>>> print(open('upload.pdb').read())   # PDB, C-alpha atoms and all ligand atoms
ATOM      1  CA  SER A   1      14.273  -0.390  30.105
ATOM      2  CA  PRO A   2      11.108  -2.232  29.040
ATOM      3  CA  ARG A   3      11.529  -5.371  26.943
ATOM      4  CA  VAL A   4       9.192  -5.092  23.990
ATOM      5  CA  GLY A   5       8.730  -7.160  20.864
ATOM      6  CA  VAL A   6       7.738  -6.408  17.287
ATOM      7  CA  LEU A   7       5.769  -9.224  15.643
ATOM      8  CA  ALA A   8       8.109 -10.033  12.756
ATOM      9  CA  LEU A   9       6.101 -12.259  10.430
ATOM     10  CA  GLN A  10       5.551  -9.645   7.688
ATOM     11  CA  GLY A  11       5.274  -5.879   7.347
ATOM     12  CA  ASP A  12       7.174  -2.774   8.421
ATOM     13  CA  VAL A  13       8.938  -4.421  11.337
ATOM     14  CA  ARG A  14      12.182  -2.441  11.126
ATOM     15  CA  GLU A  15      10.525   0.976  11.274
ATOM     16  CA  HIS A  16       8.822   0.076  14.563
ATOM     17  CA  ALA A  17      11.975  -1.494  15.977
ATOM     18  CA  ARG A  18      13.905   1.687  15.145
ATOM     19  CA  VAL A  19      11.403   4.036  16.833
ATOM     20  CA  LEU A  20      11.181   1.847  19.941
ATOM     21  CA  THR A  21      14.967   1.543  20.175
ATOM     22  CA  GLU A  22      15.345   5.335  19.836
ATOM     23  CA  LEU A  23      12.892   5.696  22.729
ATOM     24  CA  GLY A  24      15.137   3.518  24.899
ATOM     25  CA  ALA A  25      13.267   0.209  24.783
ATOM     26  CA  ASP A  26      15.004  -3.157  24.669
ATOM     27  CA  VAL A  27      13.536  -4.421  21.381
ATOM     28  CA  SER A  28      13.370  -7.960  20.042
ATOM     29  CA  LEU A  29      11.740  -9.461  16.971
ATOM     30  CA  VAL A  30       9.019 -11.986  17.808
ATOM     31  CA  ARG A  31       8.312 -14.997  15.583
ATOM     32  CA  ARG A  32       7.955 -17.861  18.060
ATOM     33  CA  PRO A  33       5.946 -18.480  21.241
ATOM     34  CA  ASP A  34       9.063 -18.492  23.443
ATOM     35  CA  GLU A  35      10.050 -15.102  22.011
ATOM     36  CA  LEU A  36       6.555 -13.774  22.777
ATOM     37  CA  ALA A  37       6.755 -15.065  26.330
ATOM     38  CA  ALA A  38       9.946 -13.034  26.873
ATOM     39  CA  VAL A  39       8.476  -9.583  26.110
ATOM     40  CA  GLN A  40       6.434  -7.162  28.246
ATOM     41  CA  GLY A  41       4.675  -5.557  25.284
ATOM     42  CA  LEU A  42       4.142  -6.240  21.579
ATOM     43  CA  VAL A  43       3.811  -4.101  18.458
ATOM     44  CA  ILE A  44       1.946  -5.556  15.479
ATOM     45  CA  PRO A  45       3.182  -3.670  12.416
ATOM     46  CA  GLY A  46       1.527  -2.508   9.233
ATOM     47  CA  GLY A  47       1.704  -4.755   6.225
ATOM     48  CA  GLU A  48      -0.896  -7.167   4.929
ATOM     49  CA  SER A  49      -3.192  -8.400   7.679
ATOM     50  CA  SER A  50      -4.312 -11.547   5.826
ATOM     51  CA  VAL A  51      -0.670 -12.602   5.372
ATOM     52  CA  ILE A  52       0.256 -11.879   8.995
ATOM     53  CA  ASP A  53      -2.839 -13.855  10.061
ATOM     54  CA  LYS A  54      -1.880 -16.837   7.896
ATOM     55  CA  LEU A  55       1.751 -16.816   9.010
ATOM     56  CA  SER A  56       0.716 -16.519  12.659
ATOM     57  CA  ARG A  57      -1.231 -19.748  12.306
ATOM     58  CA  THR A  58       1.591 -21.459  10.393
ATOM     59  CA  PHE A  59       4.057 -20.467  13.129
ATOM     60  CA  GLY A  60       1.715 -21.542  15.929
ATOM     61  CA  MET A  61       1.442 -17.951  17.133
ATOM     62  CA  GLN A  62      -2.296 -17.264  16.905
ATOM     63  CA  HIS A  63      -3.262 -18.879  20.203
ATOM     64  CA  PRO A  64      -0.233 -17.629  22.159
ATOM     65  CA  ILE A  65      -0.964 -14.067  20.998
ATOM     66  CA  ARG A  66      -4.678 -14.400  21.825
ATOM     67  CA  ASN A  67      -3.804 -15.767  25.261
ATOM     68  CA  ALA A  68      -1.279 -12.983  25.874
ATOM     69  CA  ILE A  69      -3.852 -10.320  24.939
ATOM     70  CA  ALA A  70      -6.426 -11.961  27.223
ATOM     71  CA  ALA A  71      -3.835 -11.941  30.022
ATOM     72  CA  GLY A  72      -3.356  -8.167  29.613
ATOM     73  CA  LEU A  73      -0.203  -7.873  27.509
ATOM     74  CA  PRO A  74       0.104  -4.301  26.194
ATOM     75  CA  VAL A  75      -0.179  -4.378  22.393
ATOM     76  CA  TYR A  76       0.010  -1.576  19.842
ATOM     77  CA  GLY A  77      -1.223  -2.294  16.307
ATOM     78  CA  THR A  78      -0.745   0.014  13.313
ATOM     79  CA  CYS A  79      -2.839  -0.386  10.172
ATOM     80  CA  ALA A  80      -2.702  -4.154   9.450
ATOM     81  CA  GLY A  81      -1.846  -4.511  13.151
ATOM     82  CA  LEU A  82      -5.042  -2.624  14.073
ATOM     83  CA  ILE A  83      -7.028  -4.993  11.817
ATOM     84  CA  LEU A  84      -5.480  -7.971  13.635
ATOM     85  CA  LEU A  85      -6.430  -6.511  17.038
ATOM     86  CA  ALA A  86     -10.071  -5.926  16.086
ATOM     87  CA  ASP A  87     -12.754  -8.217  17.469
ATOM     88  CA  ARG A  88     -14.611  -7.893  14.150
ATOM     89  CA  ILE A  89     -13.577  -6.894  10.640
ATOM     90  CA  THR A  90     -15.325  -6.242   7.351
ATOM     91  CA  GLY A  91     -13.778  -6.817   3.933
ATOM     92  CA  ALA A  92     -11.854  -9.882   5.104
ATOM     93  CA  ILE A  93     -10.320 -12.083   2.415
ATOM     94  CA  ASP A  94      -9.712 -15.853   2.300
ATOM     95  CA  GLY A  95     -11.295 -16.687   5.658
ATOM     96  CA  GLN A  96      -9.015 -14.170   7.334
ATOM     97  CA  GLU A  97      -9.096 -14.238  11.146
ATOM     98  CA  THR A  98      -7.924 -11.773  13.782
ATOM     99  CA  PHE A  99      -6.329 -12.077  17.210
ATOM    100  CA  GLY A 100      -9.012  -9.768  18.577
ATOM    101  CA  GLY A 101      -9.088  -7.960  21.891
ATOM    102  CA  LEU A 102     -10.171  -4.494  20.761
ATOM    103  CA  ASP A 103     -13.929  -3.999  21.048
ATOM    104  CA  VAL A 104     -14.231  -2.419  17.599
ATOM    105  CA  VAL A 105     -15.297  -3.178  14.047
ATOM    106  CA  VAL A 106     -12.621  -2.344  11.470
ATOM    107  CA  ALA A 107     -13.198  -2.062   7.714
ATOM    108  CA  ARG A 108     -10.206  -3.131   5.625
ATOM    109  CA  ASN A 109      -9.053  -0.908   2.746
ATOM    110  CA  ALA A 110     -11.734   1.617   3.613
ATOM    111  CA  PHE A 111     -10.122   4.475   1.685
ATOM    112  CA  GLY A 112      -9.621   2.672  -1.639
ATOM    113  CA  SER A 113      -6.522   1.261  -3.276
ATOM    114  CA  GLN A 114      -2.808   2.068  -2.920
ATOM    115  CA  VAL A 115      -3.124   5.210  -5.058
ATOM    116  CA  ASP A 116      -5.601   6.552  -2.529
ATOM    117  CA  SER A 117      -3.030   6.648   0.241
ATOM    118  CA  PHE A 118      -2.917  10.079   1.829
ATOM    119  CA  GLU A 119      -1.453  12.168   4.613
ATOM    120  CA  THR A 120      -3.178  14.521   6.994
ATOM    121  CA  THR A 121      -2.814  16.116  10.403
ATOM    122  CA  LEU A 122      -4.896  15.001  13.364
ATOM    123  CA  GLY A 123      -5.467  15.953  16.956
ATOM    124  CA  VAL A 124      -5.097  13.040  19.359
ATOM    125  CA  ASP A 125      -6.681  12.963  22.812
ATOM    126  CA  GLY A 126      -4.017  13.100  25.509
ATOM    127  CA  PHE A 127      -1.165  14.363  23.292
ATOM    128  CA  ASP A 128       0.581  17.644  24.000
ATOM    129  CA  GLY A 129       2.277  19.624  21.268
ATOM    130  CA  PRO A 130       1.600  19.838  17.553
ATOM    131  CA  PRO A 131      -1.031  17.752  15.761
ATOM    132  CA  VAL A 132      -0.025  14.308  14.548
ATOM    133  CA  HIS A 133       1.188  14.043  10.974
ATOM    134  CA  ALA A 134      -0.566  10.831   9.896
ATOM    135  CA  THR A 135       0.270   8.675   6.867
ATOM    136  CA  PHE A 136      -2.542   6.399   5.633
ATOM    137  CA  ILE A 137      -1.561   3.544   3.287
ATOM    138  CA  ARG A 138      -4.430   1.320   2.068
ATOM    139  CA  ALA A 139      -5.687   2.072   5.511
ATOM    140  CA  PRO A 140      -8.515   0.574   7.525
ATOM    141  CA  LEU A 141     -11.239   2.620   9.217
ATOM    142  CA  ILE A 142     -12.742   1.948  12.650
ATOM    143  CA  THR A 143     -16.439   1.814  11.768
ATOM    144  CA  HIS A 144     -17.768   0.957  15.220
ATOM    145  CA  VAL A 145     -16.302   1.640  18.672
ATOM    146  CA  GLY A 146     -17.720  -0.731  21.285
ATOM    147  CA  GLU A 147     -18.352   0.065  24.940
ATOM    148  CA  ARG A 148     -14.932  -1.073  26.139
ATOM    149  CA  ALA A 149     -12.898   0.953  23.608
ATOM    150  CA  THR A 150     -12.389   4.723  23.330
ATOM    151  CA  ALA A 151     -11.837   6.722  20.154
ATOM    152  CA  ILE A 152      -8.757   8.948  20.556
ATOM    153  CA  ALA A 153      -8.461  10.424  17.041
ATOM    154  CA  THR A 154     -10.939  11.173  14.277
ATOM    155  CA  LEU A 155     -10.750  12.559  10.754
ATOM    156  CA  PRO A 156     -12.594  15.832  10.002
ATOM    157  CA  ASP A 157     -15.538  13.765   8.670
ATOM    158  CA  GLY A 158     -15.811  11.959  12.020
ATOM    159  CA  GLY A 159     -14.194   8.689  10.916
ATOM    160  CA  VAL A 160     -12.381   7.061  13.838
ATOM    161  CA  VAL A 161      -8.707   6.297  13.133
ATOM    162  CA  ALA A 162      -7.207   5.625  16.584
ATOM    163  CA  VAL A 163      -8.535   3.798  19.645
ATOM    164  CA  GLN A 164      -7.364   2.768  23.073
ATOM    165  CA  GLN A 165      -8.758   0.082  25.352
ATOM    166  CA  GLY A 166      -6.740  -0.391  28.526
ATOM    167  CA  PRO A 167      -3.372  -1.810  27.434
ATOM    168  CA  LEU A 168      -4.427  -2.051  23.766
ATOM    169  CA  LEU A 169      -3.744   0.756  21.297
ATOM    170  CA  GLY A 170      -4.574   0.831  17.591
ATOM    171  CA  THR A 171      -4.069   3.343  14.773
ATOM    172  CA  SER A 172      -5.258   3.190  11.150
ATOM    173  CA  PHE A 173      -2.155   5.094  10.100
ATOM    174  CA  HIS A 174       1.625   4.679  10.378
ATOM    175  CA  PRO A 175       3.302   7.018  12.894
ATOM    176  CA  GLU A 176       6.488   4.940  12.555
ATOM    177  CA  VAL A 177       7.085   6.260   9.022
ATOM    178  CA  SER A 178       6.581   9.968   9.717
ATOM    179  CA  GLY A 179       8.850  10.617  12.702
ATOM    180  CA  GLU A 180       5.880  10.689  15.096
ATOM    181  CA  THR A 181       6.916   9.050  18.377
ATOM    182  CA  ARG A 182       4.047   9.879  20.749
ATOM    183  CA  PHE A 183       2.045   6.691  20.116
ATOM    184  CA  HIS A 184       5.092   4.541  20.818
ATOM    185  CA  GLU A 185       5.781   6.639  23.925
ATOM    186  CA  ARG A 186       2.199   6.068  25.081
ATOM    187  CA  PHE A 187       2.595   2.322  24.420
ATOM    188  CA  LEU A 188       5.869   2.222  26.398
ATOM    189  CA  ALA A 189       4.225   4.113  29.279
ATOM    190  CA  VAL A 190       1.526   1.422  29.380
ATOM    191  CA  VAL A 191       4.223  -1.285  29.336
ATOM    192  CA  ARG A 192       6.088   0.374  32.222
ATOM    193  CA  ALA A 193       2.879   0.701  34.240
ATOM    194  CA  ALA A 194       1.751  -2.902  33.588
TER
HETATM  195  N1  LIG B 201      -4.619  -3.006   3.579
HETATM  196  C1  LIG B 201      -3.753  -3.706   4.493
HETATM  197  C2  LIG B 201      -4.477  -4.877   5.144
HETATM  198  O1  LIG B 201      -5.640  -5.047   4.960
HETATM  199  C3  LIG B 201      -3.215  -2.795   5.567
HETATM  200  C4  LIG B 201      -2.293  -1.773   4.949
HETATM  201  C5  LIG B 201      -1.190  -1.324   5.856
HETATM  202  O2  LIG B 201      -0.880  -1.979   6.890
HETATM  203  N2  LIG B 201      -0.537  -0.270   5.460
HETATM  204  O3  LIG B 201      -3.877  -5.613   5.867
END
>>> encode(input="upload.pdb", output="structure tokens", more="lines below")
Ligand code: GLN
Amino acid sequence: SPRVGVLALQGDVREHARVLTELGADVSLVRRPDELAAVQGLVIPGGESSVIDKLSRTFGMQHPIRNAIAAGLPVYGTCAGLILLADRITGAIDGQETFGGLDVVVARNAFGSQVDSFETTLGVDGFDGPPVHATFIRAPLITHVGERATAIATLPDGGVVAVQQGPLLGTSFHPEVSGETRFHERFLAVVRAA
């Protein structure tokens, strides 16, 4: 089974680890460069992107993660994880940086504050079966999709909330909290094929 890691600096690490384990992956928590080097794919969880960014630099993980992405490591980012995968962000705080890799612009907290969290159903390109039940929590919005990335899910108003670019996958919302496993399955299929 594929060996995948969940970046475990901050955020909803356990929820991702649980879904991936249920799907048969060999899951480890990644906090150090040697732990990153041992995995064939990485999930960057939801949480607070500025905190994950800061901790990644404190733990000497920013450059190893950037190098791994450049080398083609499959990475799936949800919410804060999507922000960290974006080449450009708006609404950054405190000199916040990203790992980058996804040719998109992402706006932080694009739907308002915590009380504006919401749930909806979405169609996702390439998924069979029922629409995705998506939970948005202080969620970002993908405000520009560059040439190398492809939008795979949009809100009724046209706002892009999921993208794929080769081995990189990002969602504004949190499938790991709503029992939705198809994004993790897609990520694991990319890992197996890589
Ligand atoms: N608003 C958070 C951030 O900017 C993301 C929220 C989430 O991951 N649920 O990092």
>>> closest_residue(input="upload.pdb", among="A:Gly24, A:Gly47, A:Gly129, A:Gly179", to="ligand LIG 201 (chain B)", atoms="all atoms listed in the file")
A:Gly47
>>> residues_around(input="upload.pdb", residues="range 159-173 of chain A", least_positions_apart="3", cutoff="8 Å", atoms="all atoms listed in the file", output="MDAnalysis selection string")
chainID A and resid 72:82 85 101:103 134:137 139:143 148:156 187 190:191
>>> axis_aligned_box(input="upload.pdb", around="ligand LIG 201 (chain B)", padding_each_side="8 Å", output="lines of an AutoDock Vina configuration file")
center_x = -3.1
center_y = -2.9
center_z = 5.2
size_x = 21.1
size_y = 21.3
size_z = 19.3
>>> residues_around(input="upload.pdb", residues="Ala25 in chain A", least_positions_apart="3", cutoff="12 Å", atoms="all atoms listed in the file", output="PDB file with C-alpha atoms, in the coordinates of the input")
ATOM      1  CA  SER A   1      14.273  -0.390  30.105  1.00  0.00           C
ATOM      2  CA  PRO A   2      11.108  -2.232  29.040  1.00  0.00           C
ATOM      3  CA  ARG A   3      11.529  -5.371  26.943  1.00  0.00           C
ATOM      4  CA  VAL A   4       9.192  -5.092  23.990  1.00  0.00           C
ATOM      5  CA  GLY A   5       8.730  -7.160  20.864  1.00  0.00           C
ATOM      6  CA  VAL A   6       7.738  -6.408  17.287  1.00  0.00           C
ATOM      7  CA  HIS A  16       8.822   0.076  14.563  1.00  0.00           C
ATOM      8  CA  ALA A  17      11.975  -1.494  15.977  1.00  0.00           C
ATOM      9  CA  ARG A  18      13.905   1.687  15.145  1.00  0.00           C
ATOM     10  CA  VAL A  19      11.403   4.036  16.833  1.00  0.00           C
ATOM     11  CA  LEU A  20      11.181   1.847  19.941  1.00  0.00           C
ATOM     12  CA  THR A  21      14.967   1.543  20.175  1.00  0.00           C
ATOM     13  CA  GLU A  22      15.345   5.335  19.836  1.00  0.00           C
ATOM     14  CA  SER A  28      13.370  -7.960  20.042  1.00  0.00           C
ATOM     15  CA  VAL A  39       8.476  -9.583  26.110  1.00  0.00           C
ATOM     16  CA  GLN A  40       6.434  -7.162  28.246  1.00  0.00           C
ATOM     17  CA  GLY A  41       4.675  -5.557  25.284  1.00  0.00           C
ATOM     18  CA  LEU A  42       4.142  -6.240  21.579  1.00  0.00           C
ATOM     19  CA  HIS A 184       5.092   4.541  20.818  1.00  0.00           C
ATOM     20  CA  GLU A 185       5.781   6.639  23.925  1.00  0.00           C
ATOM     21  CA  PHE A 187       2.595   2.322  24.420  1.00  0.00           C
ATOM     22  CA  LEU A 188       5.869   2.222  26.398  1.00  0.00           C
ATOM     23  CA  ALA A 189       4.225   4.113  29.279  1.00  0.00           C
ATOM     24  CA  VAL A 191       4.223  -1.285  29.336  1.00  0.00           C
ATOM     25  CA  ARG A 192       6.088   0.374  32.222  1.00  0.00           C
TER      26      ARG A 192
END
>>> atom_distance(input="upload.pdb", atom1="CA of Val105 in chain A", atom2="CA of Ala86 in chain A")
6.2 Å
>>> atom_distance(input="upload.pdb", atom1="CA of Arg182 in chain A", atom2="CA of Val124 in chain A")
9.8 Å
>>> atom_distance(input="upload.pdb", atom1="CA of Ser50 in chain A", atom2="CA of Ala107 in chain A")
13.1 Å
>>> closest_residue(input="upload.pdb", among="A:Leu7, A:Leu36, A:Val106, A:Ile89", to="Asn67 in chain A", atoms="only C-alpha atoms")
A:Leu36
>>> resolve_selection(input="upload.pdb", expression="the PyMOL selection byres (((chain A and resi 11) around 6) and not hetatm)", output="VMD selection string")
chain A and resid 10 12 to 13 45 to 47
>>> closest_residue(input="upload.pdb", among="A:Thr181, A:Thr121, A:Gln96, A:Gln62", to="ligand LIG 201 (chain B)", atoms="all atoms listed in the file")
A:Gln96
>>> closest_residue(input="upload.pdb", among="A:Leu29, A:Ala8, A:Ile52, A:Ala38", to="ligand LIG 201 (chain B)", atoms="only C-alpha atoms and all ligand atoms")
A:Ile52
>>> closest_residue(input="upload.pdb", among="A:Pro175, A:Ile65, A:Asp53, A:Ala194", to="Glu35 in chain A", atoms="all atoms listed in the file")
A:Ile65
>>> residues_around(input="upload.pdb", residues="Leu9 in chain A", least_positions_apart="3", cutoff="8 Å", atoms="only C-alpha atoms", output="list of chain:residue names")
A:Val30, A:Arg31, A:Ile52, A:Leu55, A:Ser56
>>> closest_residue(input="upload.pdb", among="A:Gly146, A:Asp34, A:Val104, A:Asp157", to="Leu122 in chain A", atoms="only C-alpha atoms")
A:Asp157
